[in-house]
Amino acid sequence: MKITFFGVRGSIPSPGPLTMIYGGNTPSVLIETDGQSFFIIDAGSGIRRIGQYLIRKNYPIKEINILFTHTHWDHIMGLPFFKPIYDKNTKIIIWGPSSNGTKSLKEIITGQMVKEYFPVNSEELEATFEANELKDRENFRLNGCEIHTCALNHPVKTLGYRISFKGKIISTCWIMKCILKRIVLLLLKIMKKFLIF
Ligand SMILES: [Zn+2]
């Protein structure tokens with residue numbers, strides 16, 4: 001299994017001398033299980049380079065699975081620039097947390113491609129899209145991997161993925177800023193108690 005981090009930044013792509021070591025793209029990870037099978041976690045701006053890599057390596061791109069941790073923009077913004085979505089022979093299978101409201105997972109992710117924001121409307125895409133909405137503590141198999149979901153603490157429904165392949169286990173769980181924020185707030189609350197006395 002080969003894991004390549006094509007994007008690791010939060011919030012906004014940030015190229016420049018300060019991000020030269022880990023790169024300036026927002027989250028997108030390629031997991032290659034063997035020479036012919038792969039899947040992707042998140043579609044931040046790093047997924048653009050994954051598309052280029054897959055084409056350069058002559059990977060079969062008939063079916064591409066993308067696991068989304070959540071639908072905040074930094075985790076979906078690269079999808080319009082992912083070349084395989086313009087290939088009529090490609091099926092994109094989206095996996096991700098079920099939505100709370102009126103929009104489905106597929107609508108939320110492809111909904112960023114409307115004329116007001118992007119020249120290509122999602123309905124004009126050549127590839128077909130299929131979506132699998134997931135909940136906390138679900139198990140499923142993908143390209144020979146066992147995948148287990150776990151709900152994470154974040155302002156929108158978010159999932160971490162535990163992936164096992166041939167006895168090896170990896171977990172993807174982006175460090176959520178709000179967890180740190182809550183810890184800091186809790187510490188401040190405790191300190192305040194002592195300060196009053
Ligand atoms: Zn987020």
# chains A, B, ... in the order shown; residues from 1 in each chain; ligands from 1

$ select_by_dssp --residues "stretch 43-173 of chain A" --states "strand (DSSP E)" --output "JSON, numbers by chain"
{"A": [63, 64, 65, 66, 67, 91, 92, 93, 94, 95, 96, 97, 128, 129, 130, 131, 132, 133, 134, 139, 140, 141, 142, 145, 146, 147, 148, 149, 150, 151, 159, 160, 161, 162, 163, 164, 165, 168, 169, 170, 171, 172]}

$ write_last_selection --atoms "C-alpha atoms" --output "compact mmCIF listing (two decimals), in the first residue's frame"
# COMPACT_ATOMS: atom_id res chain seq x y z
CA GLU A 63 -14.20 3.92 -11.65
CA ILE A 64 -12.78 6.35 -9.10
CA ASN A 65 -13.74 6.22 -5.44
CA ILE A 66 -13.41 9.39 -3.37
CA LEU A 67 -13.96 9.23 0.40
CA LYS A 91 -17.70 6.82 -12.92
CA ILE A 92 -16.96 8.83 -9.76
CA ILE A 93 -18.17 7.10 -6.61
CA ILE A 94 -18.47 9.49 -3.68
CA TRP A 95 -18.43 8.22 -0.09
CA GLY A 96 -19.03 10.56 2.81
CA PRO A 97 -21.13 11.60 5.78
CA THR A 128 -21.28 9.92 -14.00
CA PHE A 129 -21.56 10.37 -10.25
CA GLU A 130 -22.82 7.95 -7.65
CA ALA A 131 -22.94 8.63 -3.90
CA ASN A 132 -22.88 6.44 -0.81
CA GLU A 133 -23.84 8.27 2.37
CA LEU A 134 -22.22 6.90 5.51
CA ASN A 139 -17.95 -1.01 7.81
CA PHE A 140 -17.50 -1.53 4.11
CA ARG A 141 -14.98 -3.01 1.66
CA LEU A 142 -13.23 -1.07 -1.07
CA CYS A 145 -9.51 -2.76 2.06
CA GLU A 146 -11.73 -3.00 5.13
CA ILE A 147 -12.92 0.49 6.01
CA HIS A 148 -14.47 1.52 9.30
CA THR A 149 -16.02 4.96 9.88
CA CYS A 150 -15.88 7.04 13.05
CA ALA A 151 -17.70 10.34 13.66
CA LEU A 159 -16.02 11.09 9.49
CA GLY A 160 -12.59 9.63 10.12
CA TYR A 161 -11.71 6.42 8.27
CA ARG A 162 -9.82 3.43 9.62
CA ILE A 163 -8.45 1.48 6.67
CA SER A 164 -6.98 -2.00 6.95
CA PHE A 165 -5.26 -3.78 4.08
CA LYS A 168 -1.73 -3.09 7.92
CA ILE A 169 -3.92 -0.36 9.39
CA ILE A 170 -3.99 3.35 8.66
CA SER A 171 -6.36 5.95 10.04
CA THR A 172 -7.24 9.25 8.48

$ residues_near_ligand --ligand "ligand 1" --cutoff "8 Å" --atoms "only C-alpha atoms and all ligand atoms" --output "NGL selection string"
:A and (10-11 or 70-75 or 154-156 or 176)

$ write_last_selection --atoms "N, CA and C atoms" --output "PDB file, in the first residue's frame"
ATOM      1  N   GLY A  10      -5.147  23.312   5.671  1.00  0.00           N
ATOM      2  CA  GLY A  10      -6.539  23.632   5.947  1.00  0.00           C
ATOM      3  C   GLY A  10      -6.905  24.978   5.357  1.00  0.00           C
ATOM      4  N   SER A  11      -8.185  25.197   5.206  1.00  0.00           N
ATOM      5  CA  SER A  11      -8.781  26.496   4.859  1.00  0.00           C
ATOM      6  C   SER A  11      -8.584  26.962   3.415  1.00  0.00           C
ATOM      7  N   HIS A  70     -15.520  15.327   5.157  1.00  0.00           N
ATOM      8  CA  HIS A  70     -16.640  16.242   5.332  1.00  0.00           C
ATOM      9  C   HIS A  70     -16.701  17.178   4.135  1.00  0.00           C
ATOM     10  N   THR A  71     -17.674  18.069   4.114  1.00  0.00           N
ATOM     11  CA  THR A  71     -17.915  18.836   2.882  1.00  0.00           C
ATOM     12  C   THR A  71     -17.523  20.306   2.989  1.00  0.00           C
ATOM     13  N   HIS A  72     -16.727  20.657   3.980  1.00  0.00           N
ATOM     14  CA  HIS A  72     -16.228  22.039   4.002  1.00  0.00           C
ATOM     15  C   HIS A  72     -15.432  22.295   2.730  1.00  0.00           C
ATOM     16  N   TRP A  73     -15.443  23.559   2.304  1.00  0.00           N
ATOM     17  CA  TRP A  73     -14.969  23.883   0.965  1.00  0.00           C
ATOM     18  C   TRP A  73     -13.520  23.459   0.697  1.00  0.00           C
ATOM     19  N   ASP A  74     -12.651  23.601   1.749  1.00  0.00           N
ATOM     20  CA  ASP A  74     -11.244  23.233   1.520  1.00  0.00           C
ATOM     21  C   ASP A  74     -11.081  21.741   1.212  1.00  0.00           C
ATOM     22  N   HIS A  75     -12.097  20.925   1.499  1.00  0.00           N
ATOM     23  CA  HIS A  75     -12.018  19.483   1.237  1.00  0.00           C
ATOM     24  C   HIS A  75     -12.721  19.076  -0.059  1.00  0.00           C
ATOM     25  N   HIS A 154     -16.606  18.264  14.761  1.00  0.00           N
ATOM     26  CA  HIS A 154     -16.367  19.356  13.810  1.00  0.00           C
ATOM     27  C   HIS A 154     -17.707  20.058  13.589  1.00  0.00           C
ATOM     28  N   PRO A 155     -17.718  21.312  13.113  1.00  0.00           N
ATOM     29  CA  PRO A 155     -19.007  22.021  12.984  1.00  0.00           C
ATOM     30  C   PRO A 155     -19.967  21.424  11.957  1.00  0.00           C
ATOM     31  N   VAL A 156     -19.525  20.487  11.139  1.00  0.00           N
ATOM     32  CA  VAL A 156     -20.420  19.824  10.190  1.00  0.00           C
ATOM     33  C   VAL A 156     -20.168  18.317  10.338  1.00  0.00           C
ATOM     34  N   MET A 176      -8.816  18.531  13.840  1.00  0.00           N
ATOM     35  CA  MET A 176      -9.843  19.552  13.725  1.00  0.00           C
ATOM     36  C   MET A 176      -9.532  20.716  14.646  1.00  0.00           C
TER      37      MET A 176
END

$ closest_atom_pairs --of "stretch 106-174 of chain A" --to "stretch 43-61 of chain A" --cutoff "12 Å" --atoms "only C-alpha atoms" --output "tab-separated table"
residue	atom	partner	partner_atom	distance
A:Ile109	CA	A:Ala43	CA	9.6
A:Thr110	CA	A:Ala43	CA	11.5
A:Ala127	CA	A:Ile61	CA	10.5

$ closest_residue --among "A:Phe6, A:Phe68, A:Phe118, A:Phe38" --to "A:Phe81" --atoms "only C-alpha atoms"
A:Phe118

$ select_by_dssp --residues "stretch 90-135 of chain A" --states "helix (DSSP H, G or I)" --output "NGL selection string"
:A and (105-110 or 122-124)

$ closest_residue --among "A:Ile12, A:Leu30, A:Leu18, A:Ile85" --to "A:Lys62" --atoms "only C-alpha atoms"
A:Ile85
